[in-house]
Amino acid sequence: MDMKRDYYEDVKLFTSGVGFFWFLVLMVFLAAYPFLVKNYYVYVANYIAINIIVVIGLNILVGYTGQISLGHAGFFAIGAYGTLILMTKLSFPFLLALPVSALIASVFGFLLGLPALRLEGPYLSIATLGFGLTITRVIGKIEFFGGRQGLHAPELVIGPWHLNTDRDFYYLLMVITVLMTVGARNLIKTRVGRAFVAIRDADIAAETMGVNLVFYKTLAFAVSAFYTGIAGGLFAFVLRFIEPELFSLFMSIMFLAMVVVGGLGSIMGSIAGACLLGWLDLQLRNILSLPYIGSWLESLSKSYFSLTGVSNIQFILFGLIMVLIMLFEPLGIFGIWIRTKKYWKTWPF
Amino acid sequence: MKKKLLSVLLAAAMVFGISFYAAAEEGVTDTEIHIGQWGPQTGPAAAWGSVARGTDAYFKMINDEGGINGRKLVLHMFDDGYNPAKTMAGVKELQEGKGMFAWVSGVGTATGLAVKEYLMEKKIPWVGPASGSQVWTNPPSKYLFADYPLYYIEAKALCNYGATKLGKKKFAMIYQNDDYGKNGLAGAQEELGKLGLKLVEAVPVEVTDTDLKPHVMKLKQSEADVVLLWVTPSHAVRTIGTGAAMQFAPQWMSTSTCSDFPFMNTISKGLWTNVIAASFGEVPDSPNPLMQKYKKAHEKYAAKEERWGVFFYAGFGFVEPAVEALKRCGKDVTRERFVKEMEGLKNFKGILGKVNFKPFNEKDPSSRQGTNEVFLVQCTETSGYKMLTDWTKYE
Amino acid sequence: MLDFLQMVVSGIAVGSSYALMGLAMVIIYKTSEVPNFAQGEMALISVFFAFMLLSHYGIPSYIAFPSTLAFAAILGFFLEFTVLRRAKNPNVLGMIVITIGLEMILLGLVSWKFGADHKDMPFPISPYESFAIGKMFVSTLEVLTLCVALVMMVTLFLFFRFSKLGMAVKATQQNRSAARLMGIRTNRIMMFTWGMSSVVGCVAGLLLTPVSMDPFMMWDPMLKGFASAVLGGMTSLPGAVFGAYMLGIIENLFGGYVSIEFKSVVAFVIIVLVLCVKPSGLFARHYVKKV
């Protein structure tokens, strides 16, 4: 890491030409991606992009501000339901409905941030967990929101474009994801981000330094909820169908796992965590159709386990990957990346 | 002008590409027909995974008998863990990758709703969703054929029997707080309304609840003499178990979901005796020759831990109409032909009730709701089935 | 009035199983400061072990149950020794994710081995027998659970208060390096607490099996146990038990009088309200950070 000489250097988006180059390469790749692969993989990319937005948002809260949340599926649900309700019942255009519902989510985030001022650790996790569970119950109770039957997404029209295939939606989603990522990065590099980090490291010290704890802690919740709300609104259009049971506690736990496995307090890590776990989540079901491994697992189940439950290997592998990553590197995938980078920098010494 | 151009082009295509026309439909080759199916093998709903495994055994049986007009059936089933996002992923992967001719069964209302639009837009036939919800045929879609009798109908059948044959007056209900339970609730309210009665108590229960004491308390306070159980098997067992501990013993009635008496009686340690249930298919020990044949298939093709349960052979039953229609297609297996043959099924009898479809009419749900026949059974002390009614049709 | 009493009794009955799970979570939290999300699944695997002994091998229950408890203890030792101790510079969130990973692995193993079907556990006591107090009904199993929970709480309390080992656990919890300097092998203490907590969880699981047994049976009791431990203060054993009974009673009363649909979430709302007043739960002393 080179020494930063002034503030502007620190907040600059690209520290070097090389970085900018790779950024461009990535953008070109993302733009060309839908033409390189089958439509199914575009759907996978969309699903992962949604996770990336949530995980970045959650990382702002967990990784940078040092709070914990097991209730982000609640904000996700608010975003998804808000967007669909505003569009179908109040005929908002999509581009207005999405930020408005994300703002609603962030209001809830602010409210949840209030008790969080005094709570930490397991106390905070139970409080947020309760929030996540309650929100879906309330949504399911209200018939106006479609009740337990769920809601279908309407046609998505933005200006002259009809975005109803995975490919079309992909581009909208990528633009938003890149914007949200850059936004998060900027937020972290500036005054607000530094306040968050100060709170994480020592909140009392931060307060004595003049960081307004009430303001910044609730802000962290609100920003995080905003990100998750945006992702929720987009998710409604990826799946095109939502129902309350979808936003389960398991979903919140997965989001948290993505943050931690990716790397706390790192945006690159969030992206990596969301990609890895999101991909595993969708793809592990194919484990049994792999050559060799599939038949080996089947014979193993026949002799020691049961064939009817063989699909549960997904769970075992998923858990194993999570445990192993965390055992060997508390900073997650991001930590592994840093270590490899360091190793190769001084290689062969 | 445009139409003309199009017809010229079409004609040209037909002239130049007879082969193009003769080429089989997506998912159909000279030797194989590819069929897709989803079902939860993992997660809290994994107990319903046996439907997909049943269909698998059914297809193996058909293939060993020589397949359908020389073609083998290839079943591509995948585990979605009852998560609609995963159902969507799996359906897209198989449909766009390998190309499915059609989809069969598929457990769950939410999972099915997530992919329904996708399949219908692509005009891919889907036969026999494994859920008796009204959403499949209300409104009907051209390519979606439902053959699970509606939960709504089951509720009506049970209420009708309870009021007219048993002469009960006070009905209560405990229902799962989702589409499944609410369909049943609507049916019960409707039928009781007709008979001049009403539910004295309706208690919603969440899927994740494990403590059902308050629920049973409410039922007991209502002093109902019939209680309809519109819940999962484990909740049903908890409900009547808690009831037994509170010495509350009305006539319990349950949906087809809990109609697997030997199983229910085992996990409830004998409390299931005398429970009345609706059933959408033959009972497990039925002497029906088809059932005997399927039972042999179960012994031959299923894993050794696989139970001969209602939902295992329901995996045969839900798919029978599709197989029959494929047989009737002869050599010419195309989606349009398949839909036409499905519509031509009249009084088709497999192990479910009689299946009838009609030419598509978007105002008539019965054009796509194949059967509404159920019969009622009562659990005997030896976990046997005592027939209370024959196959009966309700509207 | 009768209904009210019946609800309170039901609440106490259900609270007992929460209490056992809560105790199990508190024991681990006391030493490692980790909310152990694998707690329910550790109990699950032990319970299925008992099921296997009883119904596959036909071992009589007076041998099967003690060996299940031994198995649970070994499982706890094993997990601490092979997994948690191996974490390098762990932070709390990392540890939580490890326990979540363990939870998935254990759940996967159980469902892989036994399938998803409900099981019928050959338990010596029927869950459907009950006796009446006036016009209220209490099932025998519930009374047993209640007694076990109370005995467990008192034993643990005495253990921590008076035994040498219990003192060592407390010392480890308060200051690990100081404890090590005093000659306590803190690693072994950690291992021991995991084993102990696993046994308590296993007892909770065993008492839940007669009613219904499937691979997902422990998830809700674990959450409720966690919630009640939080309500009582994560580090207090009597707190966890008290919290559990409060939770059970509130749930039942709320379900009976207000809304049955929100019965299972009302607990969390109340916890949030309580925590707003007492941020470290009802019984734990609020720890004021010094700079």
# chains A, B, ... in the order shown; residues from 1 in each chain; ligands from 1
call {"tool": "residues_around", "arguments": {"residues": "range 81-90 of chain C", "least_positions_apart": "3", "cutoff": "12 Å", "atoms": "only C-alpha atoms", "output": "number ranges by chain"}}
result
A: 260, 320, 322-332; C: 28, 32-34, 36, 38, 74-78, 93-99, 101-102, 186-195
call {"tool": "residues_around", "arguments": {"residues": "Leu264 in chain A", "least_positions_apart": "6", "cutoff": "8 Å", "atoms": "only C-alpha atoms", "output": "list in words"}}
result
Asn59, Val62, Gly63, Tyr64, Ser270, Leu331 and Gly332 of chain A
call {"tool": "write_last_selection", "arguments": {"atoms": "C-alpha atoms", "output": "mmCIF file, in the first residue's frame"}}
result
data_model
loop_
_atom_site.group_PDB
_atom_site.id
_atom_site.type_symbol
_atom_site.label_atom_id
_atom_site.label_comp_id
_atom_site.auth_asym_id
_atom_site.auth_seq_id
_atom_site.Cartn_x
_atom_site.Cartn_y
_atom_site.Cartn_z
ATOM 1 C CA ASN A 59 -21.698 -4.585 5.117
ATOM 2 C CA VAL A 62 -22.113 -4.856 9.960
ATOM 3 C CA GLY A 63 -18.630 -4.458 8.595
ATOM 4 C CA TYR A 64 -18.160 -0.708 8.824
ATOM 5 C CA SER A 270 -19.029 -8.151 -0.243
ATOM 6 C CA LEU A 331 -11.400 -11.776 7.065
ATOM 7 C CA GLY A 332 -13.094 -14.108 4.621
#
call {"tool": "interface_residues", "arguments": {"of": "chain B", "to": "chain C", "cutoff": "7 Å", "atoms": "only C-alpha atoms", "output": "list in words"}}
result
Pro44, Ala46, Ala47, Pro204, Val205, Asp209, Thr210, Lys213, Pro214, Ser234, Arg238, Gly241, Thr242, Ala244, Ala245, Met246, Thr266 and Ile267 of chain B
call {"tool": "atom_distance", "arguments": {"atom1": "CA of Ala277 in chain B", "atom2": "CA of Asn347 in chain B"}}
result
24.0 Å
call {"tool": "interface_residues", "arguments": {"of": "chain A", "to": "chain C", "cutoff": "9 Å", "atoms": "only C-alpha atoms", "output": "VMD selection string"}}
result
chain A and resid 62 68 115 to 116 118 to 124 126 to 131 133 to 134 137 to 138 141 202 204 to 205 253 256 to 257 260 to 261 264 301 304 to 324 326 to 332
call {"tool": "closest_residue", "arguments": {"among": "A:Ile158, A:Leu151, A:Ile338, A:Val100", "to": "chain B", "atoms": "only C-alpha atoms"}}
result
A:Leu151
call {"tool": "residues_around", "arguments": {"residues": "range 220-223 of chain A", "least_positions_apart": "6", "cutoff": "6 Å", "atoms": "only C-alpha atoms", "output": "ChimeraX atom specification"}}
result
/A:61,106,109-110,113
call {"tool": "write_last_selection", "arguments": {"atoms": "N, CA and C atoms", "output": "CSV table (one decimal), in the first residue's frame"}}
result
chain,number,residue,atom,x,y,z
A,61,LEU,N,-23.5,-1.7,7.4
A,61,LEU,CA,-24.0,-1.7,8.8
A,61,LEU,C,-23.1,-2.7,9.7
A,106,SER,N,-35.9,2.6,4.4
A,106,SER,CA,-34.9,3.2,5.2
A,106,SER,C,-35.5,3.9,6.4
A,109,GLY,N,-35.6,1.3,8.7
A,109,GLY,CA,-34.2,1.1,9.2
A,109,GLY,C,-33.9,2.1,10.3
A,110,PHE,N,-34.3,3.4,10.1
A,110,PHE,CA,-34.1,4.4,11.1
A,110,PHE,C,-34.7,4.0,12.4
A,113,GLY,N,-33.0,1.4,14.1
A,113,GLY,CA,-31.8,1.9,14.6
A,113,GLY,C,-31.9,2.5,16.0
call {"tool": "interface_residues", "arguments": {"of": "chain B", "to": "chain A", "cutoff": "10 Å", "atoms": "only C-alpha atoms", "output": "JSON, numbers by chain"}}
result
{"B": [40, 41, 42, 43, 46, 47, 49, 50, 53, 78, 79, 80, 81, 82, 83, 84, 85, 86, 87, 88, 89, 90, 91, 92, 93, 94, 95, 96, 97, 109, 110, 111, 113, 114, 115, 116, 117, 118, 135, 177, 178, 179, 180, 182, 206, 207, 302, 303, 304, 305, 306, 307]}
call {"tool": "residues_around", "arguments": {"residues": "range 315-326 of chain B", "least_positions_apart": "4", "cutoff": "6 Å", "atoms": "only C-alpha atoms", "output": "ChimeraX atom specification"}}
result
/B:51-52,54-55,58,128,341-342,351-352
call {"tool": "residues_around", "arguments": {"residues": "range 164-168 of chain A", "least_positions_apart": "5", "cutoff": "7 Å", "atoms": "only C-alpha atoms", "output": "ChimeraX atom specification"}}
result
/A:34,42-43,155-156
call {"tool": "write_last_selection", "arguments": {"atoms": "N, CA and C atoms", "output": "PDB file, in the first residue's frame"}}
result
ATOM      1  N   PRO A  34     -24.296 -11.087 -21.396  1.00  0.00           N
ATOM      2  CA  PRO A  34     -25.522 -11.774 -21.812  1.00  0.00           C
ATOM      3  C   PRO A  34     -25.400 -12.415 -23.195  1.00  0.00           C
ATOM      4  N   VAL A  42     -27.827 -15.664 -17.316  1.00  0.00           N
ATOM      5  CA  VAL A  42     -28.185 -14.264 -17.116  1.00  0.00           C
ATOM      6  C   VAL A  42     -29.071 -14.149 -15.885  1.00  0.00           C
ATOM      7  N   TYR A  43     -29.981 -15.121 -15.746  1.00  0.00           N
ATOM      8  CA  TYR A  43     -30.832 -15.130 -14.550  1.00  0.00           C
ATOM      9  C   TYR A  43     -29.971 -15.278 -13.295  1.00  0.00           C
ATOM     10  N   GLU A 155     -45.830  -5.681 -15.947  1.00  0.00           N
ATOM     11  CA  GLU A 155     -44.869  -5.453 -17.025  1.00  0.00           C
ATOM     12  C   GLU A 155     -43.954  -4.301 -16.624  1.00  0.00           C
ATOM     13  N   LEU A 156     -42.714  -4.418 -16.976  1.00  0.00           N
ATOM     14  CA  LEU A 156     -41.778  -3.360 -16.613  1.00  0.00           C
ATOM     15  C   LEU A 156     -41.505  -2.501 -17.841  1.00  0.00           C
TER      16      LEU A 156
END
call {"tool": "select_by_dssp", "arguments": {"residues": "range 26-159 of chain A", "states": "helix (DSSP H, G or I)", "output": "PyMOL selection string"}}
result
chain A and resi 26-36+39-64+72-89+94-116+121-141+143-145+147-149
call {"tool": "atom_distance", "arguments": {"atom1": "CA of Ser268 in chain B", "atom2": "CA of Leu54 in chain C"}}
result
17.7 Å
call {"tool": "atom_distance", "arguments": {"atom1": "CA of Arg368 in chain B", "atom2": "CA of Phe145 in chain B"}}
result
5.1 Å
call {"tool": "closest_atom_pairs", "arguments": {"of": "range 139-198 of chain C", "to": "range 16-25 of chain C", "cutoff": "10 Å", "atoms": "only C-alpha atoms", "output": "tab-separated table"}}
result
residue	atom	partner	partner_atom	distance
C:Glu142	CA	C:Ser16	CA	8.0
C:Val143	CA	C:Ser16	CA	9.2
C:Leu144	CA	C:Ser16	CA	9.5
C:Thr145	CA	C:Ser16	CA	6.0
C:Leu146	CA	C:Ser16	CA	5.2
C:Cys147	CA	C:Ser16	CA	8.5
C:Val148	CA	C:Ser16	CA	8.3
C:Ala149	CA	C:Leu20	CA	5.8
C:Leu150	CA	C:Ser16	CA	8.3
C:Met152	CA	C:Leu20	CA	7.9
C:Met153	CA	C:Leu23	CA	7.6
C:Leu156	CA	C:Leu23	CA	9.0
C:Thr193	CA	C:Ala24	CA	9.4
C:Trp194	CA	C:Ala24	CA	8.9
C:Gly195	CA	C:Ala24	CA	9.9
C:Met196	CA	C:Ala24	CA	7.9
C:Ser197	CA	C:Ala24	CA	4.4
C:Ser198	CA	C:Ala24	CA	6.8
call {"tool": "residues_around", "arguments": {"residues": "Leu86 in chain A", "least_positions_apart": "2", "cutoff": "12 Å", "atoms": "only C-alpha atoms", "output": "ChimeraX atom specification"}}
result
/A:78-84,88-102,104,144-145,153-154,233
call {"tool": "write_last_selection", "arguments": {"atoms": "C-alpha atoms", "output": "PDB file, in the first residue's frame"}}
result
ATOM      1  CA  ILE A  78     -40.461  -3.873   2.254  1.00  0.00           C
ATOM      2  CA  GLY A  79     -38.535  -2.939  -0.881  1.00  0.00           C
ATOM      3  CA  ALA A  80     -40.128  -5.693  -2.941  1.00  0.00           C
ATOM      4  CA  TYR A  81     -43.669  -5.154  -1.713  1.00  0.00           C
ATOM      5  CA  GLY A  82     -43.365  -1.373  -1.763  1.00  0.00           C
ATOM      6  CA  THR A  83     -42.259  -1.314  -5.369  1.00  0.00           C
ATOM      7  CA  LEU A  84     -44.976  -3.665  -6.576  1.00  0.00           C
ATOM      8  CA  THR A  88     -49.836  -1.743  -9.402  1.00  0.00           C
ATOM      9  CA  LYS A  89     -52.111   0.027  -6.949  1.00  0.00           C
ATOM     10  CA  LEU A  90     -50.950   3.630  -7.287  1.00  0.00           C
ATOM     11  CA  SER A  91     -49.555   3.368 -10.834  1.00  0.00           C
ATOM     12  CA  PHE A  92     -46.163   4.865 -10.028  1.00  0.00           C
ATOM     13  CA  PRO A  93     -43.552   4.456 -12.757  1.00  0.00           C
ATOM     14  CA  PHE A  94     -40.868   1.932 -11.861  1.00  0.00           C
ATOM     15  CA  LEU A  95     -38.049   4.442 -11.570  1.00  0.00           C
ATOM     16  CA  LEU A  96     -40.026   6.389  -8.990  1.00  0.00           C
ATOM     17  CA  ALA A  97     -41.516   3.434  -7.148  1.00  0.00           C
ATOM     18  CA  LEU A  98     -38.130   1.825  -6.573  1.00  0.00           C
ATOM     19  CA  PRO A  99     -36.453   4.704  -4.684  1.00  0.00           C
ATOM     20  CA  VAL A 100     -39.668   5.571  -2.841  1.00  0.00           C
ATOM     21  CA  SER A 101     -40.037   2.060  -1.494  1.00  0.00           C
ATOM     22  CA  ALA A 102     -36.337   1.996  -0.643  1.00  0.00           C
ATOM     23  CA  ILE A 104     -39.790   3.560   3.134  1.00  0.00           C
ATOM     24  CA  PHE A 144     -54.241  -5.195   0.287  1.00  0.00           C
ATOM     25  CA  PHE A 145     -50.681  -6.512  -0.066  1.00  0.00           C
ATOM     26  CA  ALA A 153     -44.939  -8.263 -10.946  1.00  0.00           C
ATOM     27  CA  PRO A 154     -46.485  -6.113 -13.648  1.00  0.00           C
ATOM     28  CA  GLY A 233     -37.596  -3.891  -5.441  1.00  0.00           C
TER      29      GLY A 233
END
